[in-house]
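First up is the structure itself, then whatever we jot down about it.
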Amino acid sequence: MRKRFVKLLLFKVDTQYRLLYGFSSETEQSSYPWKVFPADRKGQKLIARAILSPSEADNFLISLTGTEPIMLCERATLKSPQLYKREQLLYSDDEERQTVPISEFCYLSEFWNREKLSLLSEIQNEFSADGRTRYEQTLELLEWAKCNCGIDFCIDGRRFGNYEVYYRTPENSSFEIDIHKDQGLRVTTIRKCKDFAEDIIVNCIGKYKDYVICNQTQVWPANKKEIYFEANEPMTSVVVHAWNVATGKLIVSQSIALMMGLSIISSWGGTPYQIGDSWTNKLLHSAAKSSELIRTQLMKVQRITTDRAINIRSEHESVLDEAMEDGYSLFKDYQEKKETGAFISNTPTTGEIDSFLQVRAYIEQSSVCKAVIADPYFSARAAEKLLTRIQRTGLELEIITSLGLFDPDTNQKSNVCEETCAFLQRTAPLLHNNLVVRNLTRGEKGVFHDRYLIRYHKDGTIDGFLLSNSLNSMAQKFPLVIAPLEHRVCMEVCEYLNSLSDSDIQQQKPRSLRISNEVLFCSETYRRQVQSEASTESAAERYLRQWYDESSKQICICKEDFSTVLTAVAERAQSDRIDACKMFCYALSNICTSQVESLTEMLQSTGGVKALFLSEFPNLAKAAEQQCDYLKCGASSPEYTLWALLNGKARPSPQGYHLLIDRAGHIHLRGLTWLNCGYHMMLELDIAGFLTLLSQLRSPMMFDTLAFRMAISPLDRELYCAAACSELLYVRLLSAEWLFNAIRDERSQFEVAREIWNRFEPDVRALQEAIVLSNVVFHVRTRRLESASQWQAIQDVLLSKLASDLPACSGEVINTALDWLHDSNAVSRATLLMALAERMENSHPQKQFLARAERILKREIQDCQTVSDLPRSIALYLNCVDALYGENAKNHIFKDILDWNTFEDATEPELRNYDYRRSSNAFILAQRQIQILEGMLVKWPESEKAKAWLNTWACRLKQIPEKL
């Protein structure tokens with residue numbers, strides 16, 4: 001007879017455990033003694049598993065109905081629940097399907113706990129608090145139980161405390177059901193997958209959606225392989241039951257359902273960007289323990305755009321389908337719906353964070369097309385928190401506030417409305433792109449008091465919530481309650497809010513009672529303003545109008561006009577040097593690119609204009625950059641992204657940093673072409689001065705100018721040496737990318753690079769070597785080169801040089817080099833780090849590199865989506881841990897990556913029925929853990945613990961059918 005898998009969920013009361021729920025099912029696996037696994041530090045919640053022989057399983061059932069305590073193992077004694085045995089039942093026969101913990105048809109024996117109230121009372125008495133805390137602890141316990149058996153006891157409380165035994169029939173899953181599309185889904189054929197010794201009775205129930213259109217029964221002779229049933233309309237689902245003729249016992253229950261339609265909605269996520277403002281800075285200080293949550297949920301924003309929906313419909317739909325759908329949706333708005341509210345405690349550390357996330361979740365629900373927030377105290381503080389962090393671009397958001405002459409937070413007289421309006425205009429590029437903010441007042445007073453959140457859904461329905469306090473200080477002083485409104489009340493609130501802002505209604509009232517509706521911000525109006533902005537023509541531009549060409553409709557200064565321009569600039573400099581410098585820059589912006597070199601040569605001989613430019617342009621550039629608002633280009637624009645990078649507001653990706661050279665020359669601001677051209681000229685005339693000014697201004701246009709020069713020019717020793725020693729990290733990185741590109745494209749030789757590096761200090765040289773080495777590793781790995789041996793030789797030289805230089809560097813340089821030693825392939829990157837560590841003598845950098853390689857390999861091995869070279873990853877991981885931990889390597893592996901519970905989950909027969917993802921991932925990870933154990937025994941044959949684990953789990957995993 002087959003063995004039985006047993007799983008118990010237990011809770012400790014006093015010294016003995018109580019049974020919350022347990023079940024048993026048949027399995028082909030070998031016997032396995034009782035094992036217990038604590039689910040919390042106190043050991044109150046416990047999971048017990050075993051695979052018992054039939055006799056052991058029967059004895060266990062007897063003990064559950066007796067009075068004596070049940071000793072599962074030394075660590076766990078179960079107080080007998082004295083269960084009551086119920087007669088055998090049918091389970092999951094598709095008429096009233098229960099899906100957990102067993103999904104297919106079987107027979108069930110139930111053992112009932114008849115003292116459920118007493119059981120729950122005993123458990124709750126173990127909790128250390130009353131009231132809300134006890135309620136939350138009980139919910140947490142029930143959620144834990146649901147995760148480990150699939151049953152939601154809040155809904156299915158009758159099974160609480162019970163023990164269930166499942167028996168599958170040998171004939172189950174012995175039919176193949178086929179609904180014929182070529183016959184319009186009107187014919188269903190049932191085939192036998194195995195032979196039946198006797199005739200059977202078969203019943204077929206065919207349905208179209210919720211309507212039964214076929215319910216037929218036939219006798220199926222033992223010698224007949226298939227049988228068919230026919231209906232007058234298409235069948236979209238079929239349920240088949242079969243009974244033994246002699247005994248009348250139900251032996252088979254199977255079903256099949258067809259997908260009749262598919263709706264695909266695609267969403268496009270923009271480039272994530274970071275928001276660091278006064279609110280998040282305050283939270284990082286006051287709620288330091290939640291810093292990771294703050295950075296990922298509040299500071300990181302990704303705008304998501306939902307594209308059109310694609311609907312695929314079956315060709316076999318009934319003519320009544322459209323009428324069915326219309327009938328369903330027609331009265332949907334009149335249905336009573338129960339929306340879930342929320343209570344967010346004013347916890348000092350997390351109250352604000354939790355309340356914001358909850359409000360945003362209500363607003364960004366995928367079914368919502370428009371949200372209206374009515375909050376009379378919604379000012380700049382609330383706008384800073386909420387309006388910059390809405391991620392769904394297709395959502396229409398309307399804010400209705402009622403700000404008067406008093407600050408709602410301080411109750412002091414203030415121009416709070418003007419301050420809010422100024423804030424909205426200042427941060428407009430970051431605000432939600434489909435936003436309207438209205439301020440409703442009657443004179444200098446507010447016109448409403450309560451706070452509401454109204455949601456308009458895509459299917460035409462409306463729901464709403466009453467908010468207990470303002471979003472300005474949500475959950476700071478008092479808890480925030482979000483209470484759902486009954487549908488009729490919600491409609492009345494909508495009508496009330498619309499009447500406040502409806503101009504026609506207000507015009508009918510006496511002047512003294514009319515409500516003023518001031519639009520503080522409208523995203524659509526803002527976009528039109530930006531598009532219509534035109535820069536005013538300066539005096540310098542007016543001077544250059546004399547070279548305006550009617551045919552090309554642009555100013556064009558030719559080589560013959562250079563001397564005239566330079567003379568005019570020199571004359572202007574006598575009265576206004578700044579304006580003369582600007583005039584020169586405007587002239588630069590109207591000179592053909594091919595002729596700039598000629599102008600540069602002329603400037604070298606015309607010392608006056610050159611000196612004027614180099615002395616005055618830095619001041620001119622500083623003044624112009626102070627007026628630049630890169631945020632106006634958009635939070636995801638290249639201009640703002642580069643500004644944030646250079647000014648410490650963003651972190652670059654080593655994998656994509658090369659794009660700053662590959663895509664150079666695209667940073668432009670409207671009306672500042674003259675400044676861009678000035679930067680190009682300054683780089684030509686004074687490299688050191690240019691890099692010094694770049695370090696001061698951290699200008700995206702300057703950085704892009706430098707990147708563009710490096711992208712189109714061969715390696716220039718003077719520029720490369722100056723850039724490699726720059727104060728700005730990203731300029732040093734850029735110079736290394738330039739050097740590698742020059743070597744790759746054969747515009748320079750590697751020996752030239754080595755000669756230049758010999759002049760540098762180790763702190764400067766190490767970073768250059770690290771970037772070039774990363775590029776070479778990627779180059780060798782991904783390209784098939786005729787000179788592969790030459791590149792391999794370069795890689796070996798770079799490894800040796802970097803390994804010798806790093807120990808002499810400062811800690812900051814070592815960390816920077818470690819961060820930028822990168823390859824997009826995780827295994828390749830780990831190999832690179834280990835190769836470097838191997839070439840170092842016993843030093844602190846060596847351990848840093850090995851520790852980083854270990855983390856990379858561990859993440860690669862534990863990523864269930866990874867399908868790369870797993871054996872190599874495991875071999876590298878074992879070697880890395882051996883080098884890093886020495887004699888403690890084996891203990892570290894068992895503590896760090898090998899997990900007994902993963903094996904337990906992988907071999908639990910029924911886990912896939914109620915937690916498929918967990919079961920699938922556990923099965924994948926368990927197979928990888930077996931490979932790790934096998935690798936350990938190759939490396940350390942004497943490891944008894946590895947042998948014991950391998951002997952325990954290797955055979956059991958092979959007995960698991962690969963249905964996952």
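FYI, nothing fancy with the structure tokens labels: chains A, B, ... in order, residues from 1 per chain, ligands from 1 as they appear.
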
DSSP on the backbone, then: every residue of range 34-153 of chain A marked strand (DSSP E or B), written as a ChimeraX atom specification.
-> /A:34-38,45-52,70-73,76-78,84-85,89-91,106-112

Excluding Leu480 in chain A and its own-chain neighbours fewer than 6 positions away, which residues fall within 7 Å of it when counting only C-alpha atoms? Please give them as a PDB file with all heavy atoms, in the first residue's frame.
ATOM      1  N   PHE A 343      -7.413  51.554   8.292  1.00  0.00           N
ATOM      2  CA  PHE A 343      -7.051  52.311   9.488  1.00  0.00           C
ATOM      3  C   PHE A 343      -5.528  52.325   9.566  1.00  0.00           C
ATOM      4  O   PHE A 343      -4.894  51.273   9.603  1.00  0.00           O
ATOM      5  CB  PHE A 343      -7.632  51.652  10.737  1.00  0.00           C
ATOM      6  CG  PHE A 343      -7.215  52.320  12.034  1.00  0.00           C
ATOM      7  CD1 PHE A 343      -7.953  53.359  12.558  1.00  0.00           C
ATOM      8  CD2 PHE A 343      -6.067  51.907  12.709  1.00  0.00           C
ATOM      9  CE1 PHE A 343      -7.561  53.988  13.741  1.00  0.00           C
ATOM     10  CE2 PHE A 343      -5.679  52.512  13.883  1.00  0.00           C
ATOM     11  CZ  PHE A 343      -6.432  53.561  14.399  1.00  0.00           C
ATOM     12  N   ILE A 344      -4.952  53.517   9.530  1.00  0.00           N
ATOM     13  CA  ILE A 344      -3.495  53.654   9.605  1.00  0.00           C
ATOM     14  C   ILE A 344      -3.155  54.376  10.899  1.00  0.00           C
ATOM     15  O   ILE A 344      -3.522  55.538  11.103  1.00  0.00           O
ATOM     16  CB  ILE A 344      -2.924  54.423   8.401  1.00  0.00           C
ATOM     17  CG1 ILE A 344      -3.236  53.669   7.104  1.00  0.00           C
ATOM     18  CG2 ILE A 344      -1.423  54.589   8.542  1.00  0.00           C
ATOM     19  CD1 ILE A 344      -4.454  54.102   6.381  1.00  0.00           C
ATOM     20  N   SER A 345      -2.468  53.683  11.773  1.00  0.00           N
ATOM     21  CA  SER A 345      -2.116  54.241  13.076  1.00  0.00           C
ATOM     22  C   SER A 345      -1.101  55.367  12.922  1.00  0.00           C
ATOM     23  O   SER A 345      -0.281  55.357  12.006  1.00  0.00           O
ATOM     24  CB  SER A 345      -1.551  53.128  13.958  1.00  0.00           C
ATOM     25  OG  SER A 345      -1.071  53.651  15.170  1.00  0.00           O
ATOM     26  N   SER A 355       0.385  55.647   5.480  1.00  0.00           N
ATOM     27  CA  SER A 355      -0.807  56.371   5.020  1.00  0.00           C
ATOM     28  C   SER A 355      -0.651  56.816   3.565  1.00  0.00           C
ATOM     29  O   SER A 355      -1.590  56.715   2.771  1.00  0.00           O
ATOM     30  CB  SER A 355      -1.076  57.574   5.920  1.00  0.00           C
ATOM     31  OG  SER A 355       0.040  58.441   5.945  1.00  0.00           O
ATOM     32  N   SER A 468     -10.461  60.754   7.393  1.00  0.00           N
ATOM     33  CA  SER A 468     -10.620  61.330   8.733  1.00  0.00           C
ATOM     34  C   SER A 468      -9.782  62.581   8.953  1.00  0.00           C
ATOM     35  O   SER A 468     -10.117  63.399   9.805  1.00  0.00           O
ATOM     36  CB  SER A 468     -10.263  60.295   9.798  1.00  0.00           C
ATOM     37  OG  SER A 468      -8.900  59.935   9.699  1.00  0.00           O
ATOM     38  N   ASN A 469      -8.678  62.725   8.232  1.00  0.00           N
ATOM     39  CA  ASN A 469      -7.901  63.958   8.376  1.00  0.00           C
ATOM     40  C   ASN A 469      -7.230  64.327   7.060  1.00  0.00           C
ATOM     41  O   ASN A 469      -7.257  63.574   6.088  1.00  0.00           O
ATOM     42  CB  ASN A 469      -6.880  63.871   9.521  1.00  0.00           C
ATOM     43  CG  ASN A 469      -6.024  62.624   9.458  1.00  0.00           C
ATOM     44  OD1 ASN A 469      -5.474  62.309   8.418  1.00  0.00           O
ATOM     45  ND2 ASN A 469      -5.931  61.907  10.571  1.00  0.00           N
ATOM     46  N   MET A 474      -1.149  63.567   7.201  1.00  0.00           N
ATOM     47  CA  MET A 474      -1.846  62.300   7.376  1.00  0.00           C
ATOM     48  C   MET A 474      -1.060  61.374   8.305  1.00  0.00           C
ATOM     49  O   MET A 474       0.111  61.112   8.104  1.00  0.00           O
ATOM     50  CB  MET A 474      -2.097  61.632   6.027  1.00  0.00           C
ATOM     51  CG  MET A 474      -0.921  61.598   5.074  1.00  0.00           C
ATOM     52  SD  MET A 474      -1.433  60.974   3.458  1.00  0.00           S
ATOM     53  CE  MET A 474       0.058  61.228   2.502  1.00  0.00           C
TER      54      MET A 474
END

Would you tabulate, counting only C-alpha atoms, all residues of range 220-301 of chain A that have an atom at most 9 Å from an atom of range 175-183 of chain A, showing the closest pair of atoms and their distance in Å to one decimal, sorted by chain then ascending number, as a Markdown table?
| residue | atom | partner | partner_atom | distance |
| --- | --- | --- | --- | --- |
| A:Pro234 | CA | A:Gln183 | CA | 8.9 |
| A:Met235 | CA | A:Ile179 | CA | 7.5 |
| A:Thr236 | CA | A:Ile179 | CA | 8.2 |
| A:Ser237 | CA | A:Ile179 | CA | 8.6 |
| A:Val238 | CA | A:Ile177 | CA | 8.3 |
| A:Val240 | CA | A:Ile177 | CA | 8.5 |
| A:Val252 | CA | A:Phe175 | CA | 8.5 |
| A:Gln254 | CA | A:Phe175 | CA | 7.6 |
| A:Ser255 | CA | A:Ile177 | CA | 7.8 |
| A:Ile256 | CA | A:Ile177 | CA | 7.0 |
| A:Leu258 | CA | A:Ile179 | CA | 8.7 |

Sorted per-residue table, range 376-459 of chain A near range 481-495 of chain A, closest atoms and distance, 12 Å, only C-alpha atoms, as JSON lines:
{"residue": "A:Phe448", "atom": "CA", "partner": "A:Val493", "partner_atom": "CA", "distance": 11.7}
{"residue": "A:Asp450", "atom": "CA", "partner": "A:Val493", "partner_atom": "CA", "distance": 10.5}
{"residue": "A:Arg451", "atom": "CA", "partner": "A:Ile482", "partner_atom": "CA", "distance": 9.9}
{"residue": "A:Tyr452", "atom": "CA", "partner": "A:Val493", "partner_atom": "CA", "distance": 8.4}
{"residue": "A:Leu453", "atom": "CA", "partner": "A:Ile482", "partner_atom": "CA", "distance": 8.8}
{"residue": "A:Ile454", "atom": "CA", "partner": "A:Cys494", "partner_atom": "CA", "distance": 7.5}
{"residue": "A:Arg455", "atom": "CA", "partner": "A:Cys490", "partner_atom": "CA", "distance": 9.8}
{"residue": "A:Tyr456", "atom": "CA", "partner": "A:Cys494", "partner_atom": "CA", "distance": 10.4}

Filtering to C-alpha atoms, could you give me those residues as a CSV table (one decimal), in the first residue's frame?
chain,number,residue,atom,x,y,z
A,448,PHE,CA,-16.3,72.9,2.8
A,450,ASP,CA,-14.8,67.2,5.2
A,451,ARG,CA,-12.3,65.2,3.1
A,452,TYR,CA,-13.3,62.8,0.4
A,453,LEU,CA,-11.7,60.5,-2.1
A,454,ILE,CA,-14.0,59.8,-5.1
A,455,ARG,CA,-13.1,57.2,-7.7
A,456,TYR,CA,-14.5,56.9,-11.2

Among range 319-470 of chain A, which residues carry a DSSP assignment of helix (DSSP H, G or I), reported as a PyMOL selection string?
-> chain A and resi 321-330+332-334+351-363+380-386+416-426+428-430

Filtering to N, CA and C atoms, could you give me those residues as a short mmCIF file (atom, residue, chain, number, x, y, z; two decimals), in the first residue's frame?
data_model
loop_
_atom_site.label_atom_id
_atom_site.label_comp_id
_atom_site.auth_asym_id
_atom_site.auth_seq_id
_atom_site.Cartn_x
_atom_site.Cartn_y
_atom_site.Cartn_z
N ASP A 321 -24.32 36.32 -26.60
CA ASP A 321 -23.22 36.78 -25.75
C ASP A 321 -23.26 38.28 -25.50
N GLU A 322 -23.49 39.04 -26.56
CA GLU A 322 -23.51 40.49 -26.41
C GLU A 322 -24.63 40.93 -25.47
N ALA A 323 -25.78 40.27 -25.59
CA ALA A 323 -26.90 40.58 -24.70
C ALA A 323 -26.56 40.21 -23.25
N MET A 324 -25.86 39.08 -23.07
CA MET A 324 -25.46 38.69 -21.71
C MET A 324 -24.53 39.74 -21.09
N GLU A 325 -23.54 40.18 -21.86
CA GLU A 325 -22.59 41.15 -21.34
C GLU A 325 -23.26 42.49 -21.06
N ASP A 326 -24.16 42.89 -21.98
CA ASP A 326 -24.89 44.15 -21.75
C ASP A 326 -25.73 44.06 -20.49
N GLY A 327 -26.39 42.93 -20.31
CA GLY A 327 -27.23 42.76 -19.12
C GLY A 327 -26.42 42.78 -17.85
N TYR A 328 -25.19 42.27 -17.92
CA TYR A 328 -24.33 42.27 -16.74
C TYR A 328 -23.84 43.68 -16.39
N SER A 329 -23.41 44.41 -17.44
CA SER A 329 -22.82 45.73 -17.20
C SER A 329 -23.86 46.84 -17.05
N LEU A 330 -25.05 46.62 -17.62
CA LEU A 330 -26.06 47.66 -17.65
C LEU A 330 -26.44 48.13 -16.25
N LYS A 332 -24.67 47.41 -13.43
CA LYS A 332 -23.55 47.24 -12.51
C LYS A 332 -23.46 48.41 -11.53
N ASP A 333 -23.80 49.59 -12.02
CA ASP A 333 -23.70 50.77 -11.17
C ASP A 333 -24.74 50.77 -10.05
N TYR A 334 -25.76 49.89 -10.19
CA TYR A 334 -26.82 49.87 -9.18
C TYR A 334 -26.61 48.75 -8.16
N GLY A 351 3.85 55.87 10.39
CA GLY A 351 2.49 56.30 10.13
C GLY A 351 2.34 57.07 8.83
N GLU A 352 3.23 58.05 8.62
CA GLU A 352 3.17 58.85 7.39
C GLU A 352 3.41 58.00 6.15
N ILE A 353 4.37 57.10 6.24
CA ILE A 353 4.72 56.26 5.09
C ILE A 353 3.55 55.35 4.74
N ASP A 354 3.00 54.68 5.75
CA ASP A 354 1.90 53.74 5.50
C ASP A 354 0.67 54.45 4.95
N SER A 355 0.38 55.65 5.48
CA SER A 355 -0.81 56.37 5.02
C SER A 355 -0.65 56.82 3.57
N PHE A 356 0.55 57.30 3.22
CA PHE A 356 0.78 57.69 1.82
C PHE A 356 0.62 56.50 0.88
N LEU A 357 1.25 55.37 1.23
CA LEU A 357 1.18 54.19 0.36
C LEU A 357 -0.26 53.70 0.21
N GLN A 358 -1.05 53.80 1.30
CA GLN A 358 -2.44 53.34 1.24
C GLN A 358 -3.27 54.24 0.34
N VAL A 359 -3.12 55.57 0.50
CA VAL A 359 -3.87 56.51 -0.34
C VAL A 359 -3.49 56.33 -1.81
N ARG A 360 -2.19 56.19 -2.07
CA ARG A 360 -1.76 56.01 -3.46
C ARG A 360 -2.29 54.71 -4.05
N ALA A 361 -2.35 53.67 -3.23
CA ALA A 361 -2.87 52.39 -3.71
C ALA A 361 -4.34 52.52 -4.11
N TYR A 362 -5.14 53.27 -3.31
CA TYR A 362 -6.55 53.49 -3.67
C TYR A 362 -6.65 54.24 -4.99
N ILE A 363 -5.79 55.24 -5.18
CA ILE A 363 -5.87 56.07 -6.39
C ILE A 363 -5.40 55.32 -7.62
N ALA A 380 0.79 73.04 -0.20
CA ALA A 380 2.06 72.62 -0.80
C ALA A 380 2.63 71.38 -0.13
N ARG A 381 2.40 71.21 1.17
CA ARG A 381 2.94 70.04 1.89
C ARG A 381 2.34 68.75 1.36
N ALA A 382 1.03 68.75 1.16
CA ALA A 382 0.38 67.55 0.61
C ALA A 382 0.76 67.35 -0.85
N ALA A 383 0.87 68.45 -1.60
CA ALA A 383 1.24 68.35 -3.02
C ALA A 383 2.63 67.74 -3.16
N GLU A 384 3.55 68.13 -2.29
CA GLU A 384 4.91 67.59 -2.33
C GLU A 384 4.91 66.09 -2.11
N LYS A 385 4.07 65.62 -1.20
CA LYS A 385 4.03 64.18 -0.89
C LYS A 385 3.39 63.38 -2.03
N LEU A 386 2.25 63.85 -2.52
CA LEU A 386 1.42 63.01 -3.38
C LEU A 386 1.58 63.26 -4.86
N VAL A 416 -1.03 81.12 2.06
CA VAL A 416 -0.85 79.70 1.78
C VAL A 416 -1.29 79.34 0.37
N CYS A 417 -2.28 80.04 -0.15
CA CYS A 417 -2.75 79.74 -1.51
C CYS A 417 -1.67 80.12 -2.53
N GLU A 418 -1.06 81.30 -2.35
CA GLU A 418 0.00 81.72 -3.26
C GLU A 418 1.21 80.80 -3.15
N GLU A 419 1.52 80.38 -1.94
CA GLU A 419 2.66 79.47 -1.75
C GLU A 419 2.42 78.14 -2.44
N THR A 420 1.19 77.64 -2.34
CA THR A 420 0.86 76.37 -3.00
C THR A 420 0.93 76.51 -4.51
N CYS A 421 0.41 77.63 -5.02
CA CYS A 421 0.44 77.87 -6.46
C CYS A 421 1.88 77.97 -6.95
N ALA A 422 2.73 78.66 -6.17
CA ALA A 422 4.14 78.80 -6.55
C ALA A 422 4.84 77.45 -6.55
N PHE A 423 4.52 76.63 -5.56
CA PHE A 423 5.14 75.31 -5.50
C PHE A 423 4.74 74.48 -6.72
N LEU A 424 3.47 74.54 -7.09
CA LEU A 424 2.99 73.76 -8.23
C LEU A 424 3.66 74.20 -9.52
N GLN A 425 3.85 75.51 -9.69
CA GLN A 425 4.51 76.00 -10.90
C GLN A 425 5.99 75.63 -10.90
N ARG A 426 6.60 75.69 -9.72
CA ARG A 426 8.05 75.40 -9.62
C ARG A 426 8.36 73.94 -9.91
N ALA A 428 6.36 71.85 -11.64
CA ALA A 428 5.43 71.38 -12.68
C ALA A 428 5.95 70.19 -13.49
N PRO A 429 7.23 70.16 -13.91
CA PRO A 429 7.68 69.01 -14.71
C PRO A 429 7.62 67.68 -13.97
N LEU A 430 7.64 67.72 -12.63
CA LEU A 430 7.61 66.48 -11.85
C LEU A 430 6.19 66.06 -11.48
#

List every residue of range 620-647 of chain A that has an atom at most 7 Å from any atom of range 651-672 of chain A, giving for each one its closest atom pair and the distance in Å to one decimal, counting only C-alpha atoms, sorted by chain and then by ascending residue number, as JSON lines.
{"residue": "A:Pro638", "atom": "CA", "partner": "A:Ile667", "partner_atom": "CA", "distance": 6.9}
{"residue": "A:Glu639", "atom": "CA", "partner": "A:Ile667", "partner_atom": "CA", "distance": 5.8}
{"residue": "A:Leu645", "atom": "CA", "partner": "A:Arg651", "partner_atom": "CA", "distance": 6.2}
